[in-house]
Amino acid sequence: MSFKKGEGSTAPRNRFSRRGFLGGVGLGGGALGAGLLETEAAAQSTGKLAGPGPGPVTLNINGKPVNLTIEPRVTLLDAMRNYLGITGAKRVCDRGTCGACTVLIDGKSVYSCTVLAIDAQGRDIQTIEGLAPGNGMHPVSAAFVNNDAQQCGYCTAGFVMAVKGFLGEHPNPTMEDVKHGLGGNLCRCGTYMGVRQAALEVAAATRMKGGKNG
Amino acid sequence: MADTPDYSWPPMEKRKLIGTSPKRLDGPQKASGRAKYTSDLKPQGMLFAAYMGSPYAHARVTAIDAGAAEKTPGVKGVHIMAPAGTELQWQGMEVVAVAAVTEEVANDAIRKVKVEYEVLPHLVKEDDLEKAGARAKASGEQVVGDPDKAFQDAEAVHEGQYGIPVITHCCLEPHGQVVQWQGDHVSIWPSSQYISGAAGQLAPNLKVPIANISAHMDYVGGGFGSKFNVGKWAEACAYLSQKAGGAPVKLFLDRAMEQMIAGNRPSAYGKIKIAGKKDGTVTAWQSLTWGTGGFATSGSPPLPYVVDRIPNKRLNYSWVSVNAGPAQAWRAPNNQQACYLTCSALEDFAAKIGMDPMDVFDKAFSYAPDARQETYRYQLRKAAELADWKKLWHPRGQSGAGPVKRGLGVAYSAWGGAGHNSQCRTTIHVDGSVEVDLGTQDLGTGTRTIITQVAAESLGLPMNAIKLNIGDSALPNSGASGGSSTVGGVSSSTRKAALNALAKLYEAVAPSLGAQSDGLEAVGGSIRVKDNPAKSLTWTAACKKIGGAGKISEIGENNQRTPGGLNTQGAAGVQMADVSVDTETGLVRVNRYVAVQDCGLVINPALAQSQVYGAVIMGLSTALVEERVMDAQTGRMLNADMEFYKLAGINDIGDIVVHLDIRPENDKRGVIGLGEPPAIAICAAVGNAVANAIGVRVPNLPVTADRVLAALERGNA
């Protein structure tokens, strides 16, 4: 029922994504986390052996380099949530379906559960925490508040990032564009009516200012 | 001492904040990603737990060896929940949990636990009652009037079969918690619909006094009825913490487990027969229905729904025990099922006698409770107006020659929604600052916002003068957020606490104003003499008069048995679906959906509207795509994920029109909960619209393309 934009164009450089890996070995849960397979796959694609134990990784998040020591199997999402305390992106489906973990990588929206942290090195990762400093509100976040585009709020941070990514590529969307372009994020409380309005409101405000959003 | 204050709501025309729509107070925290949910927490030294459930639908544990897991470097605790001899009754049922320094180590360690099972026979599907055999338990026949004679004498009889499947809650934040058991004190951070209840639920299992357990939660990522109890997983988490020397432990279910064991809505299947006259009057009802809520008993749908004074009835219900995860309350328990079975059968009866279902429903409302009949009829007309029913409705199956057929469907709902037991404490400090304390939770329904509106209105202050504290077991108790009981409960207790505190402030201030304390009022940030408004003190100046302990702290309480006119129960609703169905591909598209909702006194119309939007969107998702799929052979859930357990997306819901029935006569009834009532009718309204469009009934939900095509094929054969 949904598609995600920009996924192809932001494929990890070494062509080794968690999703691809899962596809390759089938969905049997047992293989996931069995270090050997991952190590082999990583070695084939990069020529370098990573893991299975923890190693140094540097991520460029919200304009700042952060160093951490993690196993190569750790996703970007888990690296942020479990190791860095960056928790705006949520782990919901953990399989690239629901969009609650959406971040921008090099300006395009990506499910951070489908990207390994080691593959996100050297890329420009933007999370919701990077949208507005301190207690400030980014225009997209403000539009979500203004249109009551949230209830429990667990999908909201991912949706905000998806709207930002979507408007970056489609600055003048119609309602139909919004309905199609935001199909990659799921909400259980049913806040879609507000999300549609929020996306259109940000686009209209950006047009009036004659600038790019965010 | 003055008399008890008059707690009644201010008249509509005098309200400053109640009835207005300030933005939700926690909106900025959520929309900026700063809101910390329990699953976001990582207190110092926290360990990650991994969890293993039964791989089989029915099995006995014959041996379990966690030695290798325990010896894994980084593992700090192993807790066996299913020792040898335990019989496991569903896939995913608790076996063992492990805590370790990282999630990766915990996941590796859990796989090292060696469990041997004796696999036992299972039943996981209940759609065919005959195949259920001894697993089906009949609850005994009920007969009213003389149904046999009524069916014999009937001018028209309709017989149909309908089914509404098990669906899962699929909360986006899974079930889980962080627990720290240090010495004789247990701290729990749950993901819960009932923060005041968490300690009491955990205490007997851990054999720790309630007084030694504290619970705290700021945000919860969805519950919908499935998060009332912290249960077994919290207990496991506590034991892991104890074994790990008191380190906090986080245990959240992964998505597969969440789908399998964390809650679902019972199914309902049924053969229904309706007798009636050609003028649309229903004279008899007969139903043989069954369903499952998992291994243990669950409730049965109340049939016939709302119109239960049909004079002649025969009712049979069987509950089927299956080896699958247990049901939890699902946003108006049993009502969606009852509504679907009843409204589908009524629509089919109308089609059989060639009548507009609106007319048949209108007549059927004579069998609804007396007090509601006119409300339903009013709502039926209002919904028809908004859905353009008169213009767009056509007799069943007469939707033109093209492959895409358009149809309309109608259904109705009923719910209670009275306020739960709730205590609120309002504290006015000598510097004028105000604290409002309730042990409640905001599920995303806007509870924080409406409490603040009520407190501010009652004290004559702006909303930003109120500091609200919720989500902690140290605060005065409030009930679980379920049954649409929160808004009535917390608004009433907040109103009373505020006015009780204000009465004390009047006493402190009265001498300075040369007036009696009952001659004062709080308006626009001042305390003034009612019949001489020129005599007044600013709020801050008035609070300086507080003597003694330097603060006024008063409790207000809502008792659900004696709400005193502040809240009440009984919410009716009528909804209409407008769909298009492609008869070549079977795809169903929602064009428009109209919800007319009875709602009593509405504190925040924008938030109330969001509740109705949300209920309708969730309902559309269940009508169109949601279904738990079990494999009869292996006993496993085939779609324990979010790829194949579908949720409707932003482009799947059409346009939604909400009409809140805010009228003075409804306002007088007091506050009524709104979380559940608008979630009831969607499956039935969509199913009826599809039948109206394509000319044949798609008996079982969801109305997926394959079912539509199969129904068309049967219908055309």
# chains A, B, ... in the order shown; residues from 1 in each chain; ligands from 1
call {"tool": "interface_residues", "arguments": {"of": "chain B", "to": "chain A", "cutoff": "7 Å", "atoms": "only C-alpha atoms", "output": "ChimeraX atom specification"}}
result
/B:23,27-28,30-34,40,171-173,220-222,255,443-445,613-615,617-618,641-643,649-651
call {"tool": "write_last_selection", "arguments": {"atoms": "N, CA and C atoms", "output": "PDB file, in the first residue's frame"}}
result
ATOM      1  N   LYS B  23      -4.269  24.441  20.837  1.00  0.00           N
ATOM      2  CA  LYS B  23      -3.483  23.307  20.298  1.00  0.00           C
ATOM      3  C   LYS B  23      -3.077  22.383  21.436  1.00  0.00           C
ATOM      4  N   GLY B  27       2.014  18.823  21.881  1.00  0.00           N
ATOM      5  CA  GLY B  27       2.287  18.788  20.446  1.00  0.00           C
ATOM      6  C   GLY B  27       3.713  19.181  20.086  1.00  0.00           C
ATOM      7  N   PRO B  28       4.206  20.308  20.608  1.00  0.00           N
ATOM      8  CA  PRO B  28       5.576  20.705  20.255  1.00  0.00           C
ATOM      9  C   PRO B  28       6.623  19.669  20.667  1.00  0.00           C
ATOM     10  N   LYS B  30       6.214  16.419  20.852  1.00  0.00           N
ATOM     11  CA  LYS B  30       6.120  15.268  19.954  1.00  0.00           C
ATOM     12  C   LYS B  30       6.608  15.615  18.547  1.00  0.00           C
ATOM     13  N   ALA B  31       6.189  16.755  18.045  1.00  0.00           N
ATOM     14  CA  ALA B  31       6.505  17.107  16.659  1.00  0.00           C
ATOM     15  C   ALA B  31       7.964  17.504  16.474  1.00  0.00           C
ATOM     16  N   SER B  32       8.661  17.714  17.572  1.00  0.00           N
ATOM     17  CA  SER B  32      10.089  18.031  17.466  1.00  0.00           C
ATOM     18  C   SER B  32      10.947  16.821  17.837  1.00  0.00           C
ATOM     19  N   GLY B  33      10.309  15.706  18.142  1.00  0.00           N
ATOM     20  CA  GLY B  33      11.058  14.500  18.499  1.00  0.00           C
ATOM     21  C   GLY B  33      11.632  14.526  19.900  1.00  0.00           C
ATOM     22  N   ARG B  34      11.264  15.556  20.682  1.00  0.00           N
ATOM     23  CA  ARG B  34      11.860  15.667  22.016  1.00  0.00           C
ATOM     24  C   ARG B  34      11.108  14.858  23.070  1.00  0.00           C
ATOM     25  N   ASP B  40      12.250   5.042  24.683  1.00  0.00           N
ATOM     26  CA  ASP B  40      13.401   5.902  24.382  1.00  0.00           C
ATOM     27  C   ASP B  40      14.360   6.017  25.562  1.00  0.00           C
ATOM     28  N   CYS B 171       0.048  -1.485  18.129  1.00  0.00           N
ATOM     29  CA  CYS B 171       0.528  -0.215  18.665  1.00  0.00           C
ATOM     30  C   CYS B 171       1.910   0.053  18.081  1.00  0.00           C
ATOM     31  N   LEU B 172       2.176   1.298  17.718  1.00  0.00           N
ATOM     32  CA  LEU B 172       3.488   1.543  17.114  1.00  0.00           C
ATOM     33  C   LEU B 172       4.589   1.417  18.160  1.00  0.00           C
ATOM     34  N   GLU B 173       4.353   1.892  19.375  1.00  0.00           N
ATOM     35  CA  GLU B 173       5.310   1.571  20.431  1.00  0.00           C
ATOM     36  C   GLU B 173       4.915   0.211  20.984  1.00  0.00           C
ATOM     37  N   VAL B 220       3.115   7.584  25.851  1.00  0.00           N
ATOM     38  CA  VAL B 220       2.872   6.196  25.453  1.00  0.00           C
ATOM     39  C   VAL B 220       2.514   6.179  23.972  1.00  0.00           C
ATOM     40  N   GLY B 221       3.175   5.269  23.258  1.00  0.00           N
ATOM     41  CA  GLY B 221       3.011   5.228  21.801  1.00  0.00           C
ATOM     42  C   GLY B 221       1.895   4.306  21.357  1.00  0.00           C
ATOM     43  N   GLY B 222       0.675   4.600  21.802  1.00  0.00           N
ATOM     44  CA  GLY B 222      -0.489   3.817  21.381  1.00  0.00           C
ATOM     45  C   GLY B 222      -0.824   2.709  22.360  1.00  0.00           C
ATOM     46  N   ARG B 255       8.577  -6.552  16.852  1.00  0.00           N
ATOM     47  CA  ARG B 255       7.314  -6.418  16.122  1.00  0.00           C
ATOM     48  C   ARG B 255       6.605  -7.764  15.942  1.00  0.00           C
ATOM     49  N   LEU B 443      -2.836   9.445  26.196  1.00  0.00           N
ATOM     50  CA  LEU B 443      -2.554   8.465  25.142  1.00  0.00           C
ATOM     51  C   LEU B 443      -2.424   9.122  23.767  1.00  0.00           C
ATOM     52  N   GLY B 444      -2.541  10.439  23.750  1.00  0.00           N
ATOM     53  CA  GLY B 444      -2.564  11.124  22.457  1.00  0.00           C
ATOM     54  C   GLY B 444      -3.972  11.609  22.166  1.00  0.00           C
ATOM     55  N   THR B 445      -4.835  11.442  23.159  1.00  0.00           N
ATOM     56  CA  THR B 445      -6.216  11.877  23.041  1.00  0.00           C
ATOM     57  C   THR B 445      -6.365  13.344  23.402  1.00  0.00           C
ATOM     58  N   TYR B 613     -11.648  11.567  13.594  1.00  0.00           N
ATOM     59  CA  TYR B 613     -10.824  11.244  12.415  1.00  0.00           C
ATOM     60  C   TYR B 613     -10.030   9.960  12.676  1.00  0.00           C
ATOM     61  N   GLY B 614      -9.374   9.923  13.825  1.00  0.00           N
ATOM     62  CA  GLY B 614      -8.510   8.781  14.135  1.00  0.00           C
ATOM     63  C   GLY B 614      -9.290   7.484  14.201  1.00  0.00           C
ATOM     64  N   ALA B 615     -10.450   7.529  14.855  1.00  0.00           N
ATOM     65  CA  ALA B 615     -11.279   6.328  14.972  1.00  0.00           C
ATOM     66  C   ALA B 615     -11.724   5.863  13.594  1.00  0.00           C
ATOM     67  N   ILE B 617     -10.265   6.496  10.663  1.00  0.00           N
ATOM     68  CA  ILE B 617      -9.125   6.021   9.868  1.00  0.00           C
ATOM     69  C   ILE B 617      -8.721   4.614  10.315  1.00  0.00           C
ATOM     70  N   MET B 618      -8.678   4.414  11.622  1.00  0.00           N
ATOM     71  CA  MET B 618      -8.372   3.071  12.121  1.00  0.00           C
ATOM     72  C   MET B 618      -9.434   2.079  11.647  1.00  0.00           C
ATOM     73  N   ASP B 641       4.093  -9.082  11.315  1.00  0.00           N
ATOM     74  CA  ASP B 641       5.015  -8.033  10.868  1.00  0.00           C
ATOM     75  C   ASP B 641       4.155  -6.868  10.396  1.00  0.00           C
ATOM     76  N   MET B 642       4.745  -5.912   9.688  1.00  0.00           N
ATOM     77  CA  MET B 642       3.914  -4.839   9.130  1.00  0.00           C
ATOM     78  C   MET B 642       3.952  -4.798   7.602  1.00  0.00           C
ATOM     79  N   GLU B 643       4.649  -5.774   6.998  1.00  0.00           N
ATOM     80  CA  GLU B 643       4.578  -5.861   5.533  1.00  0.00           C
ATOM     81  C   GLU B 643       3.296  -6.553   5.116  1.00  0.00           C
ATOM     82  N   GLY B 649      -2.702   3.476   4.609  1.00  0.00           N
ATOM     83  CA  GLY B 649      -1.802   4.628   4.533  1.00  0.00           C
ATOM     84  C   GLY B 649      -2.567   5.901   4.232  1.00  0.00           C
ATOM     85  N   ILE B 650      -1.802   6.968   4.063  1.00  0.00           N
ATOM     86  CA  ILE B 650      -2.393   8.308   3.927  1.00  0.00           C
ATOM     87  C   ILE B 650      -3.243   8.438   2.664  1.00  0.00           C
ATOM     88  N   ASN B 651      -3.015   7.566   1.689  1.00  0.00           N
ATOM     89  CA  ASN B 651      -3.774   7.642   0.434  1.00  0.00           C
ATOM     90  C   ASN B 651      -4.893   6.609   0.362  1.00  0.00           C
TER      91      ASN B 651
END
call {"tool": "select_by_dssp", "arguments": {"residues": "region 238-406 of chain B", "states": "strand (DSSP E)", "output": "PyMOL selection string"}}
result
chain B and resi 249-252+264-265+268-276+282-291+312-320+404-406
call {"tool": "closest_residue", "arguments": {"among": "B:Ser517, B:Ser192, B:Thr72, B:Thr20", "to": "Asp472 (chain B)", "atoms": "only C-alpha atoms"}}
result
B:Ser192
call {"tool": "atom_distance", "arguments": {"atom1": "CA of Glu457 (chain B)", "atom2": "CA of Leu17 (chain B)"}}
result
5.8 Å
call {"tool": "residues_around", "arguments": {"residues": "Ser433 (chain B)", "least_positions_apart": "4", "cutoff": "8 Å", "atoms": "only C-alpha atoms", "output": "mmCIF file with N, CA and C atoms, in the first residue's frame"}}
result
data_model
loop_
_atom_site.group_PDB
_atom_site.id
_atom_site.type_symbol
_atom_site.label_atom_id
_atom_site.label_comp_id
_atom_site.auth_asym_id
_atom_site.auth_seq_id
_atom_site.Cartn_x
_atom_site.Cartn_y
_atom_site.Cartn_z
ATOM 1 N N ILE B 428 -2.550 25.718 45.161
ATOM 2 C CA ILE B 428 -2.301 27.135 44.867
ATOM 3 C C ILE B 428 -1.206 27.599 45.818
ATOM 4 N N HIS B 429 -0.099 28.031 45.274
ATOM 5 C CA HIS B 429 1.029 28.465 46.093
ATOM 6 C C HIS B 429 0.904 29.944 46.425
ATOM 7 N N ALA B 465 -0.818 29.464 33.117
ATOM 8 C CA ALA B 465 -0.617 29.650 34.561
ATOM 9 C C ALA B 465 -0.709 28.323 35.313
ATOM 10 N N ILE B 466 -1.065 27.262 34.585
ATOM 11 C CA ILE B 466 -1.274 25.963 35.232
ATOM 12 C C ILE B 466 -0.075 25.058 34.969
ATOM 13 N N LYS B 467 0.510 24.523 36.031
ATOM 14 C CA LYS B 467 1.542 23.496 35.848
ATOM 15 C C LYS B 467 0.887 22.148 36.100
#
call {"tool": "atom_distance", "arguments": {"atom1": "CA of Glu13 (chain B)", "atom2": "CA of Pro664 (chain B)"}}
result
10.4 Å
call {"tool": "residues_around", "arguments": {"residues": "Ala350 (chain B)", "least_positions_apart": "3", "cutoff": "12 Å", "atoms": "only C-alpha atoms", "output": "PyMOL selection string"}}
result
chain B and resi 156-159+274-282+343-347+353-364+395-396+409-410+688+691-692
call {"tool": "atom_distance", "arguments": {"atom1": "CA of Pro73 (chain B)", "atom2": "CA of Val105 (chain B)"}}
result
8.0 Å
call {"tool": "residues_around", "arguments": {"residues": "Ile470 (chain B)", "least_positions_apart": "2", "cutoff": "9 Å", "atoms": "only C-alpha atoms", "output": "PyMOL selection string"}}
result
chain B and resi 216-218+436-442+448+468+472-473+475
call {"tool": "write_last_selection", "arguments": {"atoms": "C-alpha atoms", "output": "compact mmCIF listing (two decimals), in the first residue's frame"}}
result
# COMPACT_ATOMS: atom_id res chain seq x y z
CA HIS B 216 6.46 6.86 35.88
CA MET B 217 5.60 7.48 32.26
CA ASP B 218 5.56 10.65 30.19
CA VAL B 436 -2.64 20.34 39.08
CA ASP B 437 -1.76 16.71 39.85
CA LEU B 438 -3.44 13.59 38.49
CA GLY B 439 -2.14 10.04 38.14
CA THR B 440 -3.53 9.87 34.64
CA GLN B 441 -1.93 9.48 31.22
CA ASP B 442 -2.28 11.13 27.84
CA ARG B 448 -3.12 17.06 29.16
CA LEU B 468 0.13 20.06 35.15
CA ASP B 472 3.34 9.15 38.02
CA SER B 473 2.23 6.74 40.73
CA LEU B 475 0.09 11.50 42.14
call {"tool": "residues_around", "arguments": {"residues": "Val430 (chain B)", "least_positions_apart": "6", "cutoff": "8 Å", "atoms": "only C-alpha atoms", "output": "ChimeraX atom specification"}}
result
/B:543-546,550-551
call {"tool": "write_last_selection", "arguments": {"atoms": "N, CA and C atoms", "output": "PDB file, in the first residue's frame"}}
result
ATOM      1  N   CYS B 543      -3.214  35.581  46.272  1.00  0.00           N
ATOM      2  CA  CYS B 543      -2.499  34.399  46.766  1.00  0.00           C
ATOM      3  C   CYS B 543      -1.530  34.753  47.898  1.00  0.00           C
ATOM      4  N   LYS B 544      -1.115  36.006  47.947  1.00  0.00           N
ATOM      5  CA  LYS B 544      -0.235  36.433  49.046  1.00  0.00           C
ATOM      6  C   LYS B 544      -0.954  36.364  50.394  1.00  0.00           C
ATOM      7  N   LYS B 545      -2.280  36.334  50.345  1.00  0.00           N
ATOM      8  CA  LYS B 545      -3.057  36.270  51.588  1.00  0.00           C
ATOM      9  C   LYS B 545      -3.105  34.848  52.173  1.00  0.00           C
ATOM     10  N   ILE B 546      -2.593  33.895  51.392  1.00  0.00           N
ATOM     11  CA  ILE B 546      -2.626  32.515  51.887  1.00  0.00           C
ATOM     12  C   ILE B 546      -1.709  32.418  53.099  1.00  0.00           C
ATOM     13  N   GLY B 550       1.429  28.106  53.670  1.00  0.00           N
ATOM     14  CA  GLY B 550       1.890  28.805  52.478  1.00  0.00           C
ATOM     15  C   GLY B 550       1.358  28.240  51.187  1.00  0.00           C
ATOM     16  N   LYS B 551       0.407  27.338  51.282  1.00  0.00           N
ATOM     17  CA  LYS B 551      -0.236  26.861  50.067  1.00  0.00           C
ATOM     18  C   LYS B 551      -1.598  26.286  50.396  1.00  0.00           C
TER      19      LYS B 551
END
call {"tool": "residues_around", "arguments": {"residues": "Leu712 (chain B)", "least_positions_apart": "2", "cutoff": "9 Å", "atoms": "only C-alpha atoms", "output": "CSV table (one decimal) with C-alpha atoms, in the first residue's frame"}}
result
chain,number,residue,atom,x,y,z
B,583,THR,CA,-15.1,-5.0,-10.6
B,586,GLY,CA,-11.5,-6.1,-7.1
B,694,ILE,CA,-21.3,-4.4,-6.7
B,695,GLY,CA,-24.7,-5.9,-6.1
B,696,VAL,CA,-23.5,-8.8,-4.0
B,697,ARG,CA,-22.4,-9.1,-0.4
B,698,VAL,CA,-18.7,-9.7,0.4
B,707,ARG,CA,-12.7,-11.4,-1.6
B,708,VAL,CA,-14.5,-8.9,-3.9
B,709,LEU,CA,-13.7,-10.9,-7.0
B,710,ALA,CA,-14.8,-14.2,-5.3
B,714,ARG,CA,-20.4,-16.4,-6.8
B,715,GLY,CA,-22.9,-13.7,-7.4
B,716,ASN,CA,-22.7,-14.1,-11.1
B,717,ALA,CA,-22.8,-17.9,-11.2
call {"tool": "closest_residue", "arguments": {"among": "B:Trp290, B:Trp539, B:Trp393, B:Phe365", "to": "Ser526 (chain B)", "atoms": "only C-alpha atoms"}}
result
B:Trp539
call {"tool": "closest_residue", "arguments": {"among": "B:Ala541, B:Ile555, B:Ala150, B:Ala572", "to": "Asn477 (chain B)", "atoms": "only C-alpha atoms"}}
result
B:Ile555
call {"tool": "select_by_dssp", "arguments": {"residues": "region 26-212 of chain A", "states": "helix (DSSP H, G or I)", "output": "PyMOL selection string"}}
result
chain A and resi 29-31+35-46+76-83+112-114+117-120+128-130+139-146+156-169+175-181+192-209
call {"tool": "write_last_selection", "arguments": {"atoms": "C-alpha atoms", "output": "PDB file, in the first residue's frame"}}
result
ATOM      1  CA  GLY A  29      15.369 -15.029  11.857  1.00  0.00           C
ATOM      2  CA  GLY A  30      18.242 -17.273  12.825  1.00  0.00           C
ATOM      3  CA  ALA A  31      20.609 -15.910  10.231  1.00  0.00           C
ATOM      4  CA  GLY A  35      28.207 -12.807  12.559  1.00  0.00           C
ATOM      5  CA  LEU A  36      29.808 -15.014   9.957  1.00  0.00           C
ATOM      6  CA  LEU A  37      27.350 -14.427   7.159  1.00  0.00           C
ATOM      7  CA  GLU A  38      27.410 -10.692   7.627  1.00  0.00           C
ATOM      8  CA  THR A  39      31.141 -10.639   7.784  1.00  0.00           C
ATOM      9  CA  GLU A  40      31.421 -12.544   4.541  1.00  0.00           C
ATOM     10  CA  ALA A  41      28.940 -10.331   2.798  1.00  0.00           C
ATOM     11  CA  ALA A  42      30.677  -7.216   4.005  1.00  0.00           C
ATOM     12  CA  ALA A  43      34.058  -8.545   2.961  1.00  0.00           C
ATOM     13  CA  GLN A  44      32.816  -9.373  -0.518  1.00  0.00           C
ATOM     14  CA  SER A  45      31.383  -5.958  -1.103  1.00  0.00           C
ATOM     15  CA  THR A  46      34.123  -3.797   0.361  1.00  0.00           C
ATOM     16  CA  LEU A  76      21.824   3.295  11.830  1.00  0.00           C
ATOM     17  CA  LEU A  77      18.560   3.357  13.787  1.00  0.00           C
ATOM     18  CA  ASP A  78      19.899   1.202  16.606  1.00  0.00           C
ATOM     19  CA  ALA A  79      23.196   3.072  16.653  1.00  0.00           C
ATOM     20  CA  MET A  80      21.298   6.316  17.226  1.00  0.00           C
ATOM     21  CA  ARG A  81      18.816   4.954  19.732  1.00  0.00           C
ATOM     22  CA  ASN A  82      20.905   2.480  21.718  1.00  0.00           C
ATOM     23  CA  TYR A  83      24.332   4.103  21.584  1.00  0.00           C
ATOM     24  CA  SER A 112      17.203   4.226   9.174  1.00  0.00           C
ATOM     25  CA  CYS A 113      16.328   0.634  10.123  1.00  0.00           C
ATOM     26  CA  THR A 114      17.364  -0.449   6.624  1.00  0.00           C
ATOM     27  CA  ALA A 117      25.562   2.336  10.650  1.00  0.00           C
ATOM     28  CA  ILE A 118      28.894   1.411   9.059  1.00  0.00           C
ATOM     29  CA  ASP A 119      27.392   2.217   5.677  1.00  0.00           C
ATOM     30  CA  ALA A 120      26.169   5.604   6.820  1.00  0.00           C
ATOM     31  CA  ILE A 128      14.639  15.416  13.731  1.00  0.00           C
ATOM     32  CA  GLU A 129      16.904  16.563  16.543  1.00  0.00           C
ATOM     33  CA  GLY A 130      18.855  18.573  13.979  1.00  0.00           C
ATOM     34  CA  PRO A 139       8.311  25.010  10.213  1.00  0.00           C
ATOM     35  CA  VAL A 140       7.372  21.393   9.435  1.00  0.00           C
ATOM     36  CA  SER A 141       7.100  20.530  13.144  1.00  0.00           C
ATOM     37  CA  ALA A 142       5.114  23.703  13.736  1.00  0.00           C
ATOM     38  CA  ALA A 143       2.716  22.775  10.941  1.00  0.00           C
ATOM     39  CA  PHE A 144       2.145  19.376  12.571  1.00  0.00           C
ATOM     40  CA  VAL A 145       1.180  21.135  15.801  1.00  0.00           C
ATOM     41  CA  ASN A 146      -0.939  23.667  13.991  1.00  0.00           C
ATOM     42  CA  THR A 156       5.235  11.782  14.216  1.00  0.00           C
ATOM     43  CA  ALA A 157       8.994  12.340  14.215  1.00  0.00           C
ATOM     44  CA  GLY A 158       9.363  10.005  11.238  1.00  0.00           C
ATOM     45  CA  PHE A 159       6.463  11.678   9.470  1.00  0.00           C
ATOM     46  CA  VAL A 160       7.963  15.135  10.044  1.00  0.00           C
ATOM     47  CA  MET A 161      11.206  13.987   8.460  1.00  0.00           C
ATOM     48  CA  ALA A 162       9.324  12.354   5.587  1.00  0.00           C
ATOM     49  CA  VAL A 163       7.426  15.593   4.943  1.00  0.00           C
ATOM     50  CA  LYS A 164      10.660  17.533   4.987  1.00  0.00           C
ATOM     51  CA  GLY A 165      12.276  15.114   2.553  1.00  0.00           C
ATOM     52  CA  PHE A 166       9.196  15.067   0.345  1.00  0.00           C
ATOM     53  CA  LEU A 167       8.935  18.852   0.154  1.00  0.00           C
ATOM     54  CA  GLY A 168      12.637  19.064  -0.589  1.00  0.00           C
ATOM     55  CA  GLU A 169      11.976  17.108  -3.763  1.00  0.00           C
ATOM     56  CA  MET A 175      -3.088  17.255  -2.433  1.00  0.00           C
ATOM     57  CA  GLU A 176      -2.793  14.247  -4.744  1.00  0.00           C
ATOM     58  CA  ASP A 177       1.001  14.512  -4.677  1.00  0.00           C
ATOM     59  CA  VAL A 178       0.933  14.599  -0.881  1.00  0.00           C
ATOM     60  CA  LYS A 179      -1.310  11.532  -0.684  1.00  0.00           C
ATOM     61  CA  HIS A 180       1.047   9.584  -2.925  1.00  0.00           C
ATOM     62  CA  GLY A 181       4.344  10.983  -1.736  1.00  0.00           C
ATOM     63  CA  TYR A 192      -3.396  11.437   8.189  1.00  0.00           C
ATOM     64  CA  MET A 193      -5.951  14.222   7.734  1.00  0.00           C
ATOM     65  CA  GLY A 194      -3.755  16.587   9.743  1.00  0.00           C
ATOM     66  CA  VAL A 195      -0.556  15.399   8.065  1.00  0.00           C
ATOM     67  CA  ARG A 196      -1.983  16.185   4.628  1.00  0.00           C
ATOM     68  CA  GLN A 197      -2.882  19.697   5.732  1.00  0.00           C
ATOM     69  CA  ALA A 198       0.458  20.194   7.477  1.00  0.00           C
ATOM     70  CA  ALA A 199       2.408  19.275   4.352  1.00  0.00           C
ATOM     71  CA  LEU A 200       0.345  21.609   2.182  1.00  0.00           C
ATOM     72  CA  GLU A 201       0.601  24.415   4.745  1.00  0.00           C
ATOM     73  CA  VAL A 202       4.400  24.251   4.851  1.00  0.00           C
ATOM     74  CA  ALA A 203       4.562  24.220   1.059  1.00  0.00           C
ATOM     75  CA  ALA A 204       2.276  27.257   0.823  1.00  0.00           C
ATOM     76  CA  ALA A 205       4.224  29.184   3.466  1.00  0.00           C
ATOM     77  CA  THR A 206       7.499  28.377   1.706  1.00  0.00           C
ATOM     78  CA  ARG A 207       6.092  29.603  -1.609  1.00  0.00           C
ATOM     79  CA  MET A 208       5.034  32.878  -0.001  1.00  0.00           C
ATOM     80  CA  LYS A 209       8.506  33.397   1.342  1.00  0.00           C
TER      81      LYS A 209
END
